[in-house]
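So the structure is just underneath, and the comments pick up after that.
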Number of protein chains: 4
Amino acid sequence: MATTTPAHDVKDLALSKAGHKRILWADRDMPVLSTIRERFTKEQPLKGLRMSACLHVTAETANLARTLKAGGADLVLIASNPLSTQDDVAASLVQDFGISVYAIKGEDETTYYKHIAAALAHKPNVTMDDGADLVSAMIFLALNRMDDLHAEVRSWASSLSADERSGFCDKIVASMEETTTGVIRLRAMEKDGVLKLPVIAVNDAQTKHFFDNRYGTGQSTMDGVLRATDMLIAGKKIVVCGYGWCGKGVALRARGLGGHVIVTEVDPIRALEAAMDGFEVMPIASAAKVGDLFITVTGNIHVIRDEHFAAMKDGAMICNSGHFNVELQLDGLAKQAKTVTKDIHPFVDQYELPNGNRLYVLGEGRLINLAAAHGHPASVMDMSFAAQALATEWSLKNKGKLEHKVYQVPVAVDEYVAKLKLQTMGIAIDELTAEQTKYLNSWEQGT
Amino acid sequence: MATTTPAHDVKDLALSKAGHKRILWADRDMPVLSTIRERFTKEQPLKGLRMSACLHVTAETANLARTLKAGGADLVLIASNPLSTQDDVAASLVQDFGISVYAIKGEDETTYYKHIAAALAHKPNVTMDDGADLVSAMIFLALNRMDDLHAEVRSWASSLSADERSGFCDKIVASMEETTTGVIRLRAMEKDGVLKLPVIAVNDAQTKHFFDNRYGTGQSTMDGVLRATDMLIAGKKIVVCGYGWCGKGVALRARGLGGHVIVTEVDPIRALEAAMDGFEVMPIASAAKVGDLFITVTGNIHVIRDEHFAAMKDGAMICNSGHFNVELQLDGLAKQAKTVTKDIHPFVDQYELPNGNRLYVLGEGRLINLAAAHGHPASVMDMSFAAQALATEWSLKNKGKLEHKVYQVPVAVDEYVAKLKLQTMGIAIDELTAEQTKYLNSWEQGT
Amino acid sequence: MATTTPAHDVKDLALSKAGHKRILWADRDMPVLSTIRERFTKEQPLKGLRMSACLHVTAETANLARTLKAGGADLVLIASNPLSTQDDVAASLVQDFGISVYAIKGEDETTYYKHIAAALAHKPNVTMDDGADLVSAMIFLALNRMDDLHAEVRSWASSLSADERSGFCDKIVASMEETTTGVIRLRAMEKDGVLKLPVIAVNDAQTKHFFDNRYGTGQSTMDGVLRATDMLIAGKKIVVCGYGWCGKGVALRARGLGGHVIVTEVDPIRALEAAMDGFEVMPIASAAKVGDLFITVTGNIHVIRDEHFAAMKDGAMICNSGHFNVELQLDGLAKQAKTVTKDIHPFVDQYELPNGNRLYVLGEGRLINLAAAHGHPASVMDMSFAAQALATEWSLKNKGKLEHKVYQVPVAVDEYVAKLKLQTMGIAIDELTAEQTKYLNSWEQGT
Amino acid sequence: MATTTPAHDVKDLALSKAGHKRILWADRDMPVLSTIRERFTKEQPLKGLRMSACLHVTAETANLARTLKAGGADLVLIASNPLSTQDDVAASLVQDFGISVYAIKGEDETTYYKHIAAALAHKPNVTMDDGADLVSAMIFLALNRMDDLHAEVRSWASSLSADERSGFCDKIVASMEETTTGVIRLRAMEKDGVLKLPVIAVNDAQTKHFFDNRYGTGQSTMDGVLRATDMLIAGKKIVVCGYGWCGKGVALRARGLGGHVIVTEVDPIRALEAAMDGFEVMPIASAAKVGDLFITVTGNIHVIRDEHFAAMKDGAMICNSGHFNVELQLDGLAKQAKTVTKDIHPFVDQYELPNGNRLYVLGEGRLINLAAAHGHPASVMDMSFAAQALATEWSLKNKGKLEHKVYQVPVAVDEYVAKLKLQTMGIAIDELTAEQTKYLNSWEQGT
């Protein structure tokens, strides 16, 4: 139990008991992270570090936060998405673990950016992002593009001197990024020459995106759909938009539940891959007419647009599992709808079109796995967050040596995480023999 | 809205609004049943019929109840399982649809049997059962085996004359049975010569057990496990006990979610089938040592016993999706446990064994798909309940002609349901050509 | 090595060495049958029995033939299909095992029926059929419908007296039937009142049709397609006509190889099942337009007809894996084709249509798994043929007690085969406990 | 028909007719390559180029050879593997297409290297390799390491002056490499500083290794196993050694055929991936005891060693689908065997161990898909070989600009191939909208 309650903005501290249970329940399935936590407790590698993390505030994230704190960090945790916060977990982090949290499920835009301001006001040396919102704000700050900041952030920023603003990023040792979407944004910054700090693309770690994006998103997206709709997947036409790692995972699980999966893609190589994996591939305009359930996971904007909604069958279900809620053109849907019935079922809004067809949007178009279910299972977040903790430690060891670039997680971190994970799963694997190592390193082998 | 509130015993009528939403949500996915309801409304085939139905009181069942009432039946609906009732649905059935319901989620044994007594007191001409509890009680009554009746039922039964008791079954036109478990019991009664009424094995309809037992149980069981545990299935060893229709469905879905599935079976033919379907097959004593998650769907007693629990790994999860909660020897587990922590996570109890291992029992060993999720999806119940409604109608048409036997659902009912279902799914199929029909009926074809 | 060479009509006895190897190779994978053969050798249960078997003459069948002979039977084996004979196996059976064989790969119709006549001339007491051709001939004989017999059979039959003809079936203890198609024909005979002998539907044994029809046909059909075409299945649209046990197997394997599988069905229940198994379901007229590969397994005639061929894409491949070569309307295809190029690739004929599209028919529309590959794997035939051998033994034990009906294989045979098979696969299974047996037999269980 | 017969060393020119059929049959399924061939014929981009290609001489390769020749190249084609040549194809290439071919199925080591010498003697400007044997020889030559050359190559090389030898690689514009194994060797050369020419890692093209290595190797390996053994895969324990792209493909197809797949891996990340894909993962020492069929696809040496063979079950089947035949320690197996029976079944050798167990090695441990079946399907080679042709063209356009490095295939080539392939499959995909392109390139998006 924490002795003093840290600064916070959460729903209700009284929820902490349920949150505490939930955190410990997740912890059971995060043995890699807890091994790291034990070492961090002893070695204090983050001693004195000021950290701000903008992440989905879930039970799994709580265990990462505990680990960072155990390593000596002074942490502020804020929500990376207005709908994904587990209020009981937020309460327990404050109450039971003494961590400063700013996150309320369903918070409005103003509150969301007020929390971003709090994360910045913490004057962090290391940040963590889930979609690059925190870094974006820091870049606008450093570029002195005050107009591009949300009013709440601008208001706080105006208390800083021009020098403090332009030098804000200079104190950042590194920023960790958790998502494909964020890494794409950060690479665009690097290309535009505005990236003012070193970034570690934790998302690109193999132990992250091979597992979290595929198995995590795959299962949890379908889990979210089931909790929101109770629909039978078997026999349904499931349209998966996007066949990246997340899309592959979702398509696999939708098929695994008996669905007839249709994939839409803009990338010809991925489209071919989807076809050869046995999925039907077609443009969204064709898929719109036949789908029973639509799931977007592209990382792009307006993947399903006005004309596609208009073409859909009565009863079609539509949701998004990509990072931002821009994949569905919901404002256009609302405009063409005759009636909109919010919450016709928990997590479901009904849009009745002029042709009489009723479409159902799940979770308001936000990440369905976090809106209607509990996000990625602890067991995969174990690896992603182990990589986060170790990448943080690595960035400190390389303090001052890192350029304003997007870095990959060191291979050693990846291998350490994978080995430990296998071990905790009770799976033994072979080691290379001396003969094999030699063979692999020599080109002088032959037929 | 019903004008007068019928007799009932439900949690809280104030929950009716949420229940009403839920019933209509399910109804969207039950087009076959609603087509039948429309006809029943016009034709009134059940006019004047007294019915007692002992079923899981869910949104899907509500739509069956509405259909029976629409057809003219005077219906009493009671819970077939203490944990499966959706209290808001029960409330709405009473409040909005004027149906007499006796069902409270979490009701104790006394209440459960009090409700059975209420169903009998209704003096039904047709009954519906989900596990044969109602028929069992009627048989004990008719055999005058008062001691075998639960006290609550006995108490009501003692108000009857000996003649009324022994003749109780004579007024029954037929009883419908929904489950494999129930059909097994009823066949045992028939074999023992104590079946005092005609039974229609609705479970055995192809449009029922091919779909509901396989796709329904398969998906909803895994859904229940996910809601109770949030565990990642990929990479886990999932032990499915039993490879009947339900077991096949569960094994398929567990694999579809990335699990490594191990099957245990006592029937050599099914065991072979499981092996050839690519599953690992072994005795439970071996599976106990390696499983991460155990799911029983055998219809038998004590499938996982004391010695198996003792052999399990730390962290193993155990649940049941068979009809009765007897498949797990939970009293034995409790006896050997050092500590038992109820609700360590919603729907999860922790049993700590003397060796320090912690085992997790989900949903108290009751049907996990109903305890932690919402049971079978509406879309499959659509077919099962369409068969229920049509079998009821058929039994009335054959009133007096049926013997005290277990009957199959007429083939015509099965085909009608399948055709209508396909139609509502937008799937067209071929008809036999005249040449083909002739070919199939003739043996005089050749090489 | 046999001391005297029995009567025979095979391609070339000099092929026997390769055939002998092949028979022993298959025998390795038929441990159940060889266990039975050992017992038969000792017990001689078929001593003095005259048998005629009309089966695919493959290495697996050879091991059945060896088993029947070992049991004391005087056996004549003939081909049940003009394309399925393995000439080297036929040679070895004659040369090395002293069994009378009449079978030549590619034999013409005249030869085919000459062989049927030889099988009848053997005056069998027990027959085995694979499609009911032998029984059909015997029925025509017994009905004195000489005109319906093929000229070759009629010619032999005319040597018999009218009494011998009408009494031909009276000497038959029983006839075993191996295929779904044959059982359908035999049931039609029973219904028409012309079945003049007892039939055992070996096909309907669970250890037969659950395994042979599904796993055997599934794998070997795709194997035949690959050997004939070397085509990549991944990414192709594979149209499977028929979703019975064989169709289920083929659809499963086609999907397992990465195909996008489309199912056509006339039975609404099976069509629904296919849809819920995640396959696309549509009428053949629609499927014809999109399929890359068509496989018929319906047991019916003219499933793919003139208008369907006309609608197909350039390059479409078409084959059959149903028992008779009537499923494809090949005469109609030939008629509409501009050019027909036989053997454009081994086992492939090209039909060029007026619209310029080229269609490819594999294996002349005969069972593709036998025409282009080696039929069912030995491991499944092990069970089917074990059932054949044991059903033959059982019929002798019940000599004179059997009526002119289609009988099921006794459950005990099925269980014996399954148990022995599991054992040889190294798979142990549980036995019911006393408590469980009691539970299953009692209806007095409860909640 | 070619007017003069080019220099060659093939089995028998009389086989050309069958080879010609086979080449055209494959060509039907290689529309991308044939589109390129049409353009090459017009544009002559390879005019005057001397090329030596060391590839599997199959029907698909023949179509690549035709394309290179159509583009103006003066080509010598030799076998990259002693067992993979299709003699009829080799004959047809010489006879019908006027291409110089040196390749004979089953050629001994001396002949193999004589053919390598012929390829070098052609004094190529561009080479193509399938395993880097040709480049290796050129490197030994350039390093003047005459002792490391095979006697046959050394004999030819001694006719060159020292300057000609050391400058041999200087005339090479680039060398294309087709395999993972080859690329590993070439990278080792680059690291060792001995790579004396530019290399294009065609293997690493996404349209190559995503498809050829996975879908091509996956299907054709299982096809090879079936042709060699006729074994049923369903219910068998299939051990796949290696979970790279090839291993993933093989594991997927083995499961798709109903096998219970066990994966062995040395890389912890891939091992985790295999586990999460639902496969059982264990060290080879454990897998050796339970496997029914073993398939190596690791690219490493002695993956299955003496002690593993000794531990196997009676009847185990063993094969390799990795590039070189070193993955199985076959000399060790031969040494410990009591008896070795060659060709106990076509493509199968039996090794009887001292303990009486019989092990079966398929295709002498060489690539089973080429030894017993026809290698990758034309449809995937279409993409790999399109990439080969286009990479060759690209290297000429960049003549003189390339360093002595391993280069990736340009992204434009990959995208061109993928788009054309989709088109020929009749699959349309979406294009990015202007709004989406802008969105993807901008980091200034937000929640």
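Each chain of the structure tokens is named A, B, ... in the order shown, its residues numbered from 1; ligands are numbered from 1 in display order.
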Listing only residues of chain B within 9 Å of chain A, what is the closest atom pair and its distance in Å (to one decimal) for each, using only C-alpha atoms, sorted by chain and residue number ascending, as a tab-separated table?
residue	atom	partner	partner_atom	distance
B:Ala18	CA	A:His345	CA	8.5
B:Lys21	CA	A:His345	CA	6.6
B:Arg22	CA	A:His345	CA	6.7
B:Trp25	CA	A:His345	CA	6.9
B:Ala26	CA	A:Asp230	CA	8.5
B:Arg28	CA	A:Gly315	CA	8.0
B:Asp29	CA	A:Met231	CA	8.0
B:Tyr215	CA	A:Ala234	CA	6.8
B:Gly216	CA	A:Leu232	CA	7.5
B:Gly218	CA	A:Leu257	CA	8.5
B:Gln219	CA	A:Leu257	CA	6.8
B:Ser220	CA	A:Asp230	CA	8.6
B:Asp223	CA	A:Asp223	CA	7.0
B:Leu226	CA	A:Asp223	CA	7.3
B:Arg227	CA	A:Ala373	CA	8.1
B:Thr229	CA	A:Trp25	CA	8.6
B:Asp230	CA	A:Pro377	CA	5.7
B:Met231	CA	A:Pro377	CA	5.5
B:Leu232	CA	A:Pro377	CA	5.3
B:Ile233	CA	A:Gln219	CA	8.1
B:Ala234	CA	A:Tyr215	CA	6.8
B:Gly235	CA	A:Met425	CA	8.6
B:Lys236	CA	A:Met425	CA	8.5
B:Leu252	CA	A:Gly256	CA	7.7
B:Arg253	CA	A:Leu257	CA	5.7
B:Ala254	CA	A:Gly256	CA	8.3
B:Arg255	CA	A:Gly256	CA	7.2
B:Gly256	CA	A:Gly256	CA	3.5
B:Leu257	CA	A:Arg253	CA	5.7
B:Gly258	CA	A:Arg253	CA	8.0
B:Gly315	CA	A:Arg28	CA	8.1
B:Ile344	CA	A:Lys21	CA	6.7
B:His345	CA	A:Lys21	CA	6.6
B:Ala373	CA	A:Arg227	CA	8.1
B:His374	CA	A:Asp230	CA	7.1
B:Gly375	CA	A:Asp230	CA	8.6
B:His376	CA	A:Leu232	CA	8.1
B:Pro377	CA	A:Leu232	CA	5.3
B:Ala378	CA	A:Met231	CA	7.0
B:Ser379	CA	A:Leu232	CA	6.2
B:Val380	CA	A:Leu232	CA	7.4
B:Met425	CA	A:Lys236	CA	8.4
Residues near region 60-65 of chain B, cut-off 7 Å, only C-alpha atoms, skip fewer than 3 positions along chain, as a PyMOL selection string:
chain B and resi 23+26-27+56-57+68-69+93+378+381+385
- Neighbour list for region 73-79 of chain A as JSON, numbers by chain, cut-off 8 Å, only C-alpha atoms, skip fewer than 3 positions in-chain: {"A": [46, 47, 48, 49, 50, 51, 52, 53, 54, 55, 56, 57, 65, 68, 69, 70, 82, 84, 85, 99, 100, 101, 102, 103, 104, 112, 115, 116, 119, 122]}
- Which of region 210-447 of chain A counts as helix (DSSP H, G or I) under DSSP, as number ranges by chain please? A: 210-229, 245-256, 268-276, 284-290, 306-311, 330-336, 363-365, 368-371, 378-397, 411-424, 434-441
Do you know which residues are at most 12 Å from Ser384 (chain A) counting only C-alpha atoms, after dropping those on the same chain fewer than 2 positions away, and could you put them as a PyMOL selection string?
-> chain A and resi 30+32-33+60-61+63-64+130+176-179+201-213+216+376-382+386-391+409+413-414+417-418+421
Keeping only C-alpha atoms, take the residues you just selected and write them out as a compact mmCIF listing (two decimals), in the first residue's frame.
# COMPACT_ATOMS: atom_id res chain seq x y z
CA MET A 30 3.33 -12.05 -17.36
CA VAL A 32 8.86 -12.44 -18.29
CA LEU A 33 7.96 -8.98 -17.11
CA GLU A 60 -1.23 -5.35 -18.27
CA THR A 61 0.03 -1.78 -18.51
CA ASN A 63 2.29 -4.36 -14.46
CA LEU A 64 4.63 -2.47 -16.77
CA ASP A 130 1.03 4.23 -28.05
CA MET A 176 9.53 4.29 -26.91
CA GLU A 177 6.77 3.63 -29.44
CA GLU A 178 4.38 0.68 -29.11
CA THR A 179 2.32 0.71 -32.32
CA ALA A 201 10.45 1.37 -32.30
CA VAL A 202 9.44 -1.19 -29.70
CA ASN A 203 6.59 -2.14 -32.03
CA ASP A 204 9.12 -3.46 -34.51
CA ALA A 205 10.70 -5.87 -32.04
CA GLN A 206 9.98 -9.36 -33.31
CA THR A 207 8.77 -10.43 -29.89
CA LYS A 208 6.31 -7.56 -30.13
CA HIS A 209 4.75 -7.36 -33.57
CA PHE A 210 5.00 -11.05 -34.46
CA PHE A 211 2.99 -11.88 -31.37
CA ASP A 212 1.07 -8.90 -30.01
CA ASN A 213 -0.12 -7.59 -33.40
CA GLY A 216 -3.03 -10.49 -29.49
CA HIS A 376 -4.58 -7.96 -25.64
CA PRO A 377 -4.21 -10.93 -23.31
CA ALA A 378 -1.62 -10.50 -20.59
CA SER A 379 0.45 -13.30 -22.03
CA VAL A 380 1.35 -11.36 -25.17
CA MET A 381 1.63 -8.01 -23.47
CA ASP A 382 4.19 -9.77 -21.25
CA ALA A 386 9.27 -6.74 -21.34
CA ALA A 387 10.68 -5.24 -24.53
CA GLN A 388 9.50 -1.79 -23.39
CA ALA A 389 11.24 -2.11 -20.03
CA LEU A 390 14.45 -3.48 -21.49
CA ALA A 391 14.52 -0.93 -24.32
CA VAL A 409 15.15 -2.78 -30.41
CA VAL A 413 16.57 -7.91 -26.16
CA ASP A 414 14.40 -9.82 -28.60
CA VAL A 417 12.52 -12.10 -24.20
CA ALA A 418 11.82 -15.04 -26.50
CA LYS A 421 9.03 -16.73 -22.60
Atom pair CA of Lys11 (chain C) + CA of Thr341 (chain C), distance 26.7 Å
All strand (DSSP E or B) residues (DSSP, backbone) inside region 178-331 of chain D, as JSON, numbers by chain:
{"D": [199, 200, 201, 237, 238, 239, 240, 241, 260, 261, 262, 263, 264, 280, 281, 293, 294, 295, 296, 304, 317, 318, 319, 320, 328]}
Could those selected residues go to a file with N, CA and C atoms, as a short mmCIF file (atom, residue, chain, number, x, y, z; two decimals), in the first residue's frame?
data_model
loop_
_atom_site.label_atom_id
_atom_site.label_comp_id
_atom_site.auth_asym_id
_atom_site.auth_seq_id
_atom_site.Cartn_x
_atom_site.Cartn_y
_atom_site.Cartn_z
N VAL D 199 25.81 -9.23 -56.31
CA VAL D 199 24.84 -10.32 -56.25
C VAL D 199 23.46 -9.73 -56.02
N ILE D 200 22.47 -10.28 -56.69
CA ILE D 200 21.10 -9.86 -56.41
C ILE D 200 20.37 -11.03 -55.75
N ALA D 201 19.92 -10.77 -54.52
CA ALA D 201 19.28 -11.82 -53.73
C ALA D 201 17.83 -11.97 -54.18
N LYS D 237 2.06 -38.24 -36.56
CA LYS D 237 2.89 -37.20 -35.96
C LYS D 237 3.97 -36.81 -36.96
N ILE D 238 3.87 -35.58 -37.45
CA ILE D 238 4.78 -35.10 -38.47
C ILE D 238 5.75 -34.13 -37.82
N VAL D 239 7.02 -34.46 -37.84
CA VAL D 239 8.03 -33.59 -37.24
C VAL D 239 8.66 -32.73 -38.33
N VAL D 240 8.47 -31.42 -38.21
CA VAL D 240 9.05 -30.48 -39.17
C VAL D 240 10.23 -29.79 -38.48
N CYS D 241 11.43 -30.00 -39.00
CA CYS D 241 12.62 -29.40 -38.41
C CYS D 241 12.91 -28.09 -39.13
N HIS D 260 -0.68 -34.25 -37.06
CA HIS D 260 -0.37 -33.59 -35.79
C HIS D 260 1.08 -33.15 -35.92
N VAL D 261 1.31 -31.86 -36.05
CA VAL D 261 2.64 -31.37 -36.41
C VAL D 261 3.45 -30.96 -35.19
N ILE D 262 4.68 -31.44 -35.16
CA ILE D 262 5.64 -31.08 -34.11
C ILE D 262 6.77 -30.31 -34.79
N VAL D 263 7.14 -29.17 -34.23
CA VAL D 263 8.19 -28.35 -34.81
C VAL D 263 9.44 -28.38 -33.92
N THR D 264 10.61 -28.49 -34.55
CA THR D 264 11.86 -28.28 -33.81
C THR D 264 12.53 -27.04 -34.39
N GLU D 280 3.12 -28.20 -31.67
CA GLU D 280 3.89 -28.64 -30.51
C GLU D 280 5.36 -28.37 -30.83
N VAL D 281 6.08 -27.84 -29.87
CA VAL D 281 7.49 -27.51 -30.09
C VAL D 281 8.33 -28.28 -29.09
N LEU D 293 6.78 -39.21 -39.27
CA LEU D 293 7.41 -38.68 -40.48
C LEU D 293 8.24 -37.48 -40.09
N PHE D 294 9.47 -37.42 -40.57
CA PHE D 294 10.38 -36.32 -40.26
C PHE D 294 10.72 -35.58 -41.55
N ILE D 295 10.65 -34.25 -41.52
CA ILE D 295 10.99 -33.44 -42.69
C ILE D 295 11.93 -32.32 -42.24
N THR D 296 13.13 -32.27 -42.80
CA THR D 296 14.06 -31.20 -42.43
C THR D 296 14.02 -30.08 -43.47
N ILE D 304 19.26 -34.06 -38.08
CA ILE D 304 18.88 -35.35 -37.48
C ILE D 304 20.13 -36.22 -37.52
N MET D 317 9.45 -42.53 -41.16
CA MET D 317 9.84 -42.06 -42.49
C MET D 317 10.65 -40.78 -42.31
N ILE D 318 11.70 -40.64 -43.09
CA ILE D 318 12.59 -39.49 -42.91
C ILE D 318 12.90 -38.88 -44.27
N CYS D 319 12.74 -37.57 -44.38
CA CYS D 319 13.14 -36.92 -45.63
C CYS D 319 13.61 -35.50 -45.39
N ASN D 320 14.12 -34.90 -46.44
CA ASN D 320 14.66 -33.55 -46.38
C ASN D 320 14.04 -32.72 -47.48
N LEU D 328 20.35 -34.49 -43.06
CA LEU D 328 20.27 -35.80 -42.42
C LEU D 328 21.67 -36.41 -42.39
#
Would you list the contacts of Arg165 (chain D) as a count of residues only, taking every protein, DNA or RNA residue within 12 Å and counting only C-alpha atoms, but skipping same-chain residues closer than 6 positions in sequence? 19
